[in-house]
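Enquirer: Before I ask anything, here is the structure I am working with.
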Amino acid sequence: FEVCANHILPLVAADHPAVTPKHLALVANAYAQAQAGPYVLPLMQEIGKSACANMSASNHQDVALLLNAYAKLSIPNEDVYDAAALEIVKHIDTYNVQDLANVAHAFAKQGLPHAAVFESVAGMSTRLMDKFKPMHLGILVHAFAKVRVRQQAFIESARDEVIYRGTIG
């Protein structure tokens, strides 16, 4: 994996046209899944620079994958999270329940209680509450708790959904 990281690095650094936001997210995610060591830091720094410059070309899955890669590798990069936040808020209506949970988890894992992101995620999650699988609902609620963000309508909706599923549903 280290050899691959060293091979990919110059392509990302040169902003090669074949390297799309989807590729950046997939590469970052692959290294996160492999629990890559310190050798991946230079590559992740370049992915971050490129992702920030091209975040508006990313779709919701690319954003969620990229953020979770940084979170899983415990690599702080506030520039990436700030650039992603703008896109998340702008396009929150395109996010599915898994992406909503993953985005909230990524911000929470990095300790970033970004108000606009959590407000947008809370609003969309409240509308889609009945679509969440238990695992994603748990991840989402945990993320809000971890960064101590209180969105009352979201909290009440999550509470009601859990009670409904536990008694009637």
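Convention: chains lettered A, B, ... in structure tokens order; per-chain residue numbering from 1; ligands numbered from 1 as shown.
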For Asp15 in chain A, please output as a ChimeraX atom specification all residues within 12 Å (counting only C-alpha atoms; exclusion window: fewer than 5 positions along the same chain).

Expert: /A:8-10,20-21,23-24,46-54

Enquirer: Wanna dump the range 39-129 of chain A-range 139-151 of chain A contacts at 10 Å for me, each residue with its shortest atom pair and the distance in Å to one decimal, counting only C-alpha atoms, ordered by chain and number, as a Markdown table?

Expert:
```
| residue | atom | partner | partner_atom | distance |
| --- | --- | --- | --- | --- |
| A:Val97 | CA | A:Leu140 | CA | 9.2 |
| A:Gln98 | CA | A:Leu140 | CA | 9.1 |
| A:Leu100 | CA | A:Leu140 | CA | 7.5 |
| A:Ala101 | CA | A:Leu140 | CA | 4.7 |
| A:Asn102 | CA | A:Leu140 | CA | 7.6 |
| A:Val103 | CA | A:Leu140 | CA | 8.8 |
| A:Ala104 | CA | A:Ala143 | CA | 5.7 |
| A:His105 | CA | A:Ala143 | CA | 5.0 |
| A:Ala106 | CA | A:Ala143 | CA | 8.2 |
| A:Phe107 | CA | A:Ala143 | CA | 7.9 |
| A:Ala108 | CA | A:Ala143 | CA | 5.2 |
| A:Lys109 | CA | A:Ala143 | CA | 7.6 |
| A:Gln110 | CA | A:Val147 | CA | 9.3 |
| A:Gly111 | CA | A:Val147 | CA | 6.2 |
| A:Leu112 | CA | A:Val147 | CA | 7.0 |
| A:Pro113 | CA | A:Val147 | CA | 5.4 |
| A:His114 | CA | A:Val149 | CA | 9.0 |
| A:Ala115 | CA | A:Val149 | CA | 8.0 |
| A:Phe118 | CA | A:Val149 | CA | 7.4 |
| A:Glu119 | CA | A:Gln151 | CA | 7.1 |
| A:Val121 | CA | A:Leu140 | CA | 9.2 |
| A:Ala122 | CA | A:Gln151 | CA | 6.7 |
| A:Gly123 | CA | A:Gln151 | CA | 8.7 |
| A:Ser125 | CA | A:Leu140 | CA | 8.8 |
```

Enquirer: I need the chosen residues saved as a PDB file, in the first residue's frame, with N, CA and C atoms.

Expert:
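Now in part.pdb:
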```pdb
ATOM      1  N   VAL A  97     -29.997   8.521   4.146  1.00  0.00           N
ATOM      2  CA  VAL A  97     -29.846   8.358   5.598  1.00  0.00           C
ATOM      3  C   VAL A  97     -28.446   7.872   5.993  1.00  0.00           C
ATOM      4  N   GLN A  98     -27.865   6.999   5.205  1.00  0.00           N
ATOM      5  CA  GLN A  98     -26.513   6.526   5.524  1.00  0.00           C
ATOM      6  C   GLN A  98     -25.510   7.665   5.407  1.00  0.00           C
ATOM      7  N   LEU A 100     -26.128  10.863   5.755  1.00  0.00           N
ATOM      8  CA  LEU A 100     -26.368  11.793   6.858  1.00  0.00           C
ATOM      9  C   LEU A 100     -25.672  11.304   8.131  1.00  0.00           C
ATOM     10  N   ALA A 101     -25.829  10.024   8.416  1.00  0.00           N
ATOM     11  CA  ALA A 101     -25.182   9.449   9.602  1.00  0.00           C
ATOM     12  C   ALA A 101     -23.667   9.509   9.476  1.00  0.00           C
ATOM     13  N   ASN A 102     -23.151   9.192   8.293  1.00  0.00           N
ATOM     14  CA  ASN A 102     -21.700   9.183   8.104  1.00  0.00           C
ATOM     15  C   ASN A 102     -21.088  10.581   8.217  1.00  0.00           C
ATOM     16  N   VAL A 103     -21.766  11.572   7.656  1.00  0.00           N
ATOM     17  CA  VAL A 103     -21.269  12.941   7.725  1.00  0.00           C
ATOM     18  C   VAL A 103     -21.264  13.429   9.173  1.00  0.00           C
ATOM     19  N   ALA A 104     -22.360  13.217   9.878  1.00  0.00           N
ATOM     20  CA  ALA A 104     -22.425  13.637  11.284  1.00  0.00           C
ATOM     21  C   ALA A 104     -21.350  12.928  12.100  1.00  0.00           C
ATOM     22  N   HIS A 105     -21.177  11.630  11.847  1.00  0.00           N
ATOM     23  CA  HIS A 105     -20.149  10.853  12.560  1.00  0.00           C
ATOM     24  C   HIS A 105     -18.754  11.411  12.286  1.00  0.00           C
ATOM     25  N   ALA A 106     -18.468  11.746  11.031  1.00  0.00           N
ATOM     26  CA  ALA A 106     -17.138  12.247  10.679  1.00  0.00           C
ATOM     27  C   ALA A 106     -16.842  13.572  11.375  1.00  0.00           C
ATOM     28  N   PHE A 107     -17.804  14.485  11.372  1.00  0.00           N
ATOM     29  CA  PHE A 107     -17.609  15.762  12.061  1.00  0.00           C
ATOM     30  C   PHE A 107     -17.438  15.528  13.566  1.00  0.00           C
ATOM     31  N   ALA A 108     -18.254  14.647  14.124  1.00  0.00           N
ATOM     32  CA  ALA A 108     -18.183  14.381  15.565  1.00  0.00           C
ATOM     33  C   ALA A 108     -16.860  13.724  15.941  1.00  0.00           C
ATOM     34  N   LYS A 109     -16.410  12.787  15.141  1.00  0.00           N
ATOM     35  CA  LYS A 109     -15.159  12.091  15.453  1.00  0.00           C
ATOM     36  C   LYS A 109     -13.978  13.061  15.468  1.00  0.00           C
ATOM     37  N   GLN A 110     -14.048  14.083  14.631  1.00  0.00           N
ATOM     38  CA  GLN A 110     -12.988  15.093  14.605  1.00  0.00           C
ATOM     39  C   GLN A 110     -13.229  16.192  15.650  1.00  0.00           C
ATOM     40  N   GLY A 111     -14.365  16.096  16.368  1.00  0.00           N
ATOM     41  CA  GLY A 111     -14.672  17.093  17.396  1.00  0.00           C
ATOM     42  C   GLY A 111     -15.078  18.431  16.819  1.00  0.00           C
ATOM     43  N   LEU A 112     -15.740  18.413  15.664  1.00  0.00           N
ATOM     44  CA  LEU A 112     -16.127  19.643  14.969  1.00  0.00           C
ATOM     45  C   LEU A 112     -17.650  19.808  14.982  1.00  0.00           C
ATOM     46  N   PRO A 113     -18.169  20.544  15.956  1.00  0.00           N
ATOM     47  CA  PRO A 113     -19.622  20.746  16.026  1.00  0.00           C
ATOM     48  C   PRO A 113     -20.086  21.865  15.083  1.00  0.00           C
ATOM     49  N   HIS A 114     -19.844  21.699  13.802  1.00  0.00           N
ATOM     50  CA  HIS A 114     -20.164  22.715  12.795  1.00  0.00           C
ATOM     51  C   HIS A 114     -21.671  22.979  12.805  1.00  0.00           C
ATOM     52  N   ALA A 115     -22.058  24.150  13.268  1.00  0.00           N
ATOM     53  CA  ALA A 115     -23.471  24.470  13.496  1.00  0.00           C
ATOM     54  C   ALA A 115     -24.331  24.297  12.254  1.00  0.00           C
ATOM     55  N   PHE A 118     -24.695  20.485  11.302  1.00  0.00           N
ATOM     56  CA  PHE A 118     -25.567  19.730  12.200  1.00  0.00           C
ATOM     57  C   PHE A 118     -27.015  20.206  12.112  1.00  0.00           C
ATOM     58  N   GLU A 119     -27.219  21.480  11.866  1.00  0.00           N
ATOM     59  CA  GLU A 119     -28.577  21.980  11.681  1.00  0.00           C
ATOM     60  C   GLU A 119     -29.201  21.395  10.416  1.00  0.00           C
ATOM     61  N   VAL A 121     -28.222  18.597   8.811  1.00  0.00           N
ATOM     62  CA  VAL A 121     -28.363  17.147   9.003  1.00  0.00           C
ATOM     63  C   VAL A 121     -29.577  16.858   9.883  1.00  0.00           C
ATOM     64  N   ALA A 122     -29.763  17.649  10.934  1.00  0.00           N
ATOM     65  CA  ALA A 122     -30.913  17.447  11.830  1.00  0.00           C
ATOM     66  C   ALA A 122     -32.224  17.638  11.075  1.00  0.00           C
ATOM     67  N   GLY A 123     -32.304  18.677  10.271  1.00  0.00           N
ATOM     68  CA  GLY A 123     -33.533  18.937   9.519  1.00  0.00           C
ATOM     69  C   GLY A 123     -33.862  17.825   8.537  1.00  0.00           C
ATOM     70  N   SER A 125     -32.659  14.752   8.567  1.00  0.00           N
ATOM     71  CA  SER A 125     -32.847  13.502   9.309  1.00  0.00           C
ATOM     72  C   SER A 125     -34.236  13.427   9.916  1.00  0.00           C
TER      73      SER A 125
END
```

Enquirer: Determine, counting only C-alpha atoms, which protein, DNA and RNA residues have an atom within 10 Å of an atom of Gln35 in chain A; residues of the same chain fewer than 4 positions away are not included. Present the result as a list in words.

Expert: Asn29, Ala30, Tyr31, Val40, Ala69, Lys72 and Leu73 of chain A

Enquirer: Calculated over only C-alpha atoms, which of the candidates A:Asp93, A:Glu156, A:Asp130, A:Glu87 has the smallest distance to Ala57 in chain A?

Expert: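 Closest candidate: A:Glu87.
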
Enquirer: Just the number, please: distance in Å from CA of Phe154 in chain A to CA of Ala85 in chain A, one decimal.

Expert: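 Separation of CA of Phe154 in chain A and CA of Ala85 in chain A: 19.1 Å.
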
Enquirer: Give me every helix (DSSP H, G or I) residue in range 66-108 of chain A, going by DSSP on the backbone, as a PDB file with N, CA and C atoms, in the first residue's frame.

Expert:
```pdb
ATOM      1  N   LEU A  66     -15.026  10.785   1.833  1.00  0.00           N
ATOM      2  CA  LEU A  66     -13.812  11.544   2.100  1.00  0.00           C
ATOM      3  C   LEU A  66     -13.720  11.944   3.572  1.00  0.00           C
ATOM      4  N   LEU A  67     -14.803  12.488   4.098  1.00  0.00           N
ATOM      5  CA  LEU A  67     -14.795  12.912   5.498  1.00  0.00           C
ATOM      6  C   LEU A  67     -14.567  11.732   6.434  1.00  0.00           C
ATOM      7  N   ASN A  68     -15.204  10.626   6.138  1.00  0.00           N
ATOM      8  CA  ASN A  68     -15.032   9.459   7.001  1.00  0.00           C
ATOM      9  C   ASN A  68     -13.636   8.867   6.905  1.00  0.00           C
ATOM     10  N   ALA A  69     -12.980   9.015   5.764  1.00  0.00           N
ATOM     11  CA  ALA A  69     -11.595   8.553   5.652  1.00  0.00           C
ATOM     12  C   ALA A  69     -10.702   9.361   6.591  1.00  0.00           C
ATOM     13  N   TYR A  70     -10.865  10.685   6.568  1.00  0.00           N
ATOM     14  CA  TYR A  70     -10.072  11.522   7.479  1.00  0.00           C
ATOM     15  C   TYR A  70     -10.392  11.186   8.933  1.00  0.00           C
ATOM     16  N   ALA A  71     -11.665  10.966   9.217  1.00  0.00           N
ATOM     17  CA  ALA A  71     -12.058  10.640  10.592  1.00  0.00           C
ATOM     18  C   ALA A  71     -11.477   9.298  11.020  1.00  0.00           C
ATOM     19  N   LYS A  72     -11.595   8.294  10.164  1.00  0.00           N
ATOM     20  CA  LYS A  72     -11.113   6.957  10.519  1.00  0.00           C
ATOM     21  C   LYS A  72      -9.598   6.934  10.710  1.00  0.00           C
ATOM     22  N   GLU A  78      -9.112  20.719   8.911  1.00  0.00           N
ATOM     23  CA  GLU A  78     -10.278  21.602   8.991  1.00  0.00           C
ATOM     24  C   GLU A  78     -10.626  22.220   7.644  1.00  0.00           C
ATOM     25  N   ASP A  79      -9.637  22.400   6.765  1.00  0.00           N
ATOM     26  CA  ASP A  79      -9.929  22.954   5.439  1.00  0.00           C
ATOM     27  C   ASP A  79     -10.858  22.029   4.662  1.00  0.00           C
ATOM     28  N   VAL A  80     -10.598  20.741   4.731  1.00  0.00           N
ATOM     29  CA  VAL A  80     -11.457  19.764   4.045  1.00  0.00           C
ATOM     30  C   VAL A  80     -12.860  19.793   4.650  1.00  0.00           C
ATOM     31  N   TYR A  81     -12.937  19.811   5.963  1.00  0.00           N
ATOM     32  CA  TYR A  81     -14.243  19.819   6.619  1.00  0.00           C
ATOM     33  C   TYR A  81     -15.008  21.113   6.339  1.00  0.00           C
ATOM     34  N   ASP A  82     -14.305  22.249   6.285  1.00  0.00           N
ATOM     35  CA  ASP A  82     -14.967  23.519   5.975  1.00  0.00           C
ATOM     36  C   ASP A  82     -15.485  23.532   4.542  1.00  0.00           C
ATOM     37  N   ALA A  83     -14.672  23.055   3.606  1.00  0.00           N
ATOM     38  CA  ALA A  83     -15.104  22.995   2.203  1.00  0.00           C
ATOM     39  C   ALA A  83     -16.281  22.038   2.054  1.00  0.00           C
ATOM     40  N   ALA A  84     -16.211  20.916   2.743  1.00  0.00           N
ATOM     41  CA  ALA A  84     -17.299  19.938   2.688  1.00  0.00           C
ATOM     42  C   ALA A  84     -18.571  20.507   3.307  1.00  0.00           C
ATOM     43  N   ALA A  85     -18.420  21.260   4.385  1.00  0.00           N
ATOM     44  CA  ALA A  85     -19.589  21.833   5.064  1.00  0.00           C
ATOM     45  C   ALA A  85     -20.409  22.694   4.113  1.00  0.00           C
ATOM     46  N   LEU A  86     -19.734  23.490   3.302  1.00  0.00           N
ATOM     47  CA  LEU A  86     -20.453  24.333   2.336  1.00  0.00           C
ATOM     48  C   LEU A  86     -21.282  23.488   1.372  1.00  0.00           C
ATOM     49  N   GLU A  87     -20.694  22.412   0.894  1.00  0.00           N
ATOM     50  CA  GLU A  87     -21.403  21.531  -0.048  1.00  0.00           C
ATOM     51  C   GLU A  87     -22.524  20.756   0.641  1.00  0.00           C
ATOM     52  N   ILE A  88     -22.283  20.319   1.853  1.00  0.00           N
ATOM     53  CA  ILE A  88     -23.296  19.569   2.594  1.00  0.00           C
ATOM     54  C   ILE A  88     -24.536  20.430   2.794  1.00  0.00           C
ATOM     55  N   VAL A  89     -24.332  21.627   3.283  1.00  0.00           N
ATOM     56  CA  VAL A  89     -25.460  22.528   3.552  1.00  0.00           C
ATOM     57  C   VAL A  89     -26.197  22.863   2.254  1.00  0.00           C
ATOM     58  N   LYS A  90     -25.431  23.090   1.196  1.00  0.00           N
ATOM     59  CA  LYS A  90     -26.027  23.467  -0.087  1.00  0.00           C
ATOM     60  C   LYS A  90     -26.842  22.327  -0.706  1.00  0.00           C
ATOM     61  N   ILE A  92     -27.945  19.315   0.950  1.00  0.00           N
ATOM     62  CA  ILE A  92     -28.392  18.363   1.977  1.00  0.00           C
ATOM     63  C   ILE A  92     -29.562  17.512   1.496  1.00  0.00           C
ATOM     64  N   ASP A  93     -30.375  18.043   0.601  1.00  0.00           N
ATOM     65  CA  ASP A  93     -31.538  17.296   0.117  1.00  0.00           C
ATOM     66  C   ASP A  93     -31.161  16.099  -0.757  1.00  0.00           C
ATOM     67  N   THR A  94     -29.893  15.979  -1.155  1.00  0.00           N
ATOM     68  CA  THR A  94     -29.463  14.826  -1.953  1.00  0.00           C
ATOM     69  C   THR A  94     -28.888  13.711  -1.082  1.00  0.00           C
ATOM     70  N   VAL A  97     -29.997   8.521   4.146  1.00  0.00           N
ATOM     71  CA  VAL A  97     -29.846   8.358   5.598  1.00  0.00           C
ATOM     72  C   VAL A  97     -28.446   7.872   5.993  1.00  0.00           C
ATOM     73  N   GLN A  98     -27.865   6.999   5.205  1.00  0.00           N
ATOM     74  CA  GLN A  98     -26.513   6.526   5.524  1.00  0.00           C
ATOM     75  C   GLN A  98     -25.510   7.665   5.407  1.00  0.00           C
ATOM     76  N   ASP A  99     -25.634   8.479   4.358  1.00  0.00           N
ATOM     77  CA  ASP A  99     -24.723   9.612   4.194  1.00  0.00           C
ATOM     78  C   ASP A  99     -24.884  10.623   5.325  1.00  0.00           C
ATOM     79  N   LEU A 100     -26.128  10.863   5.755  1.00  0.00           N
ATOM     80  CA  LEU A 100     -26.368  11.793   6.858  1.00  0.00           C
ATOM     81  C   LEU A 100     -25.672  11.304   8.131  1.00  0.00           C
ATOM     82  N   ALA A 101     -25.829  10.024   8.416  1.00  0.00           N
ATOM     83  CA  ALA A 101     -25.182   9.449   9.602  1.00  0.00           C
ATOM     84  C   ALA A 101     -23.667   9.509   9.476  1.00  0.00           C
ATOM     85  N   ASN A 102     -23.151   9.192   8.293  1.00  0.00           N
ATOM     86  CA  ASN A 102     -21.700   9.183   8.104  1.00  0.00           C
ATOM     87  C   ASN A 102     -21.088  10.581   8.217  1.00  0.00           C
ATOM     88  N   VAL A 103     -21.766  11.572   7.656  1.00  0.00           N
ATOM     89  CA  VAL A 103     -21.269  12.941   7.725  1.00  0.00           C
ATOM     90  C   VAL A 103     -21.264  13.429   9.173  1.00  0.00           C
ATOM     91  N   ALA A 104     -22.360  13.217   9.878  1.00  0.00           N
ATOM     92  CA  ALA A 104     -22.425  13.637  11.284  1.00  0.00           C
ATOM     93  C   ALA A 104     -21.350  12.928  12.100  1.00  0.00           C
ATOM     94  N   HIS A 105     -21.177  11.630  11.847  1.00  0.00           N
ATOM     95  CA  HIS A 105     -20.149  10.853  12.560  1.00  0.00           C
ATOM     96  C   HIS A 105     -18.754  11.411  12.286  1.00  0.00           C
ATOM     97  N   ALA A 106     -18.468  11.746  11.031  1.00  0.00           N
ATOM     98  CA  ALA A 106     -17.138  12.247  10.679  1.00  0.00           C
ATOM     99  C   ALA A 106     -16.842  13.572  11.375  1.00  0.00           C
ATOM    100  N   PHE A 107     -17.804  14.485  11.372  1.00  0.00           N
ATOM    101  CA  PHE A 107     -17.609  15.762  12.061  1.00  0.00           C
ATOM    102  C   PHE A 107     -17.438  15.528  13.566  1.00  0.00           C
ATOM    103  N   ALA A 108     -18.254  14.647  14.124  1.00  0.00           N
ATOM    104  CA  ALA A 108     -18.183  14.381  15.565  1.00  0.00           C
ATOM    105  C   ALA A 108     -16.860  13.724  15.941  1.00  0.00           C
TER     106      ALA A 108
END
```

Enquirer: What does the distance from CA of Val63 in chain A to CA of Lys22 in chain A come to in Å, to one decimal?

Expert: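 CA of Lys22 in chain A lies 8.8 Å from CA of Val63 in chain A.
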
Enquirer: What does the distance from CA of Ala32 in chain A to CA of Gly138 in chain A come to in Å, to one decimal?

Expert: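 Atom-to-atom, CA of Ala32 in chain A to CA of Gly138 in chain A, that is 21.7 Å.
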
Enquirer: Calculated over only C-alpha atoms, which of the candidates A:Val162, A:Ala36, A:Ile75, A:Leu11 has the smallest distance to Pro134 in chain A?

Expert: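 Closest candidate: A:Val162.
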
Enquirer: A:Lys133, A:Cys4, A:Thr126, A:Pro42: which is nearest Ala158 in chain A, counting only C-alpha atoms?

Expert: A:Thr126
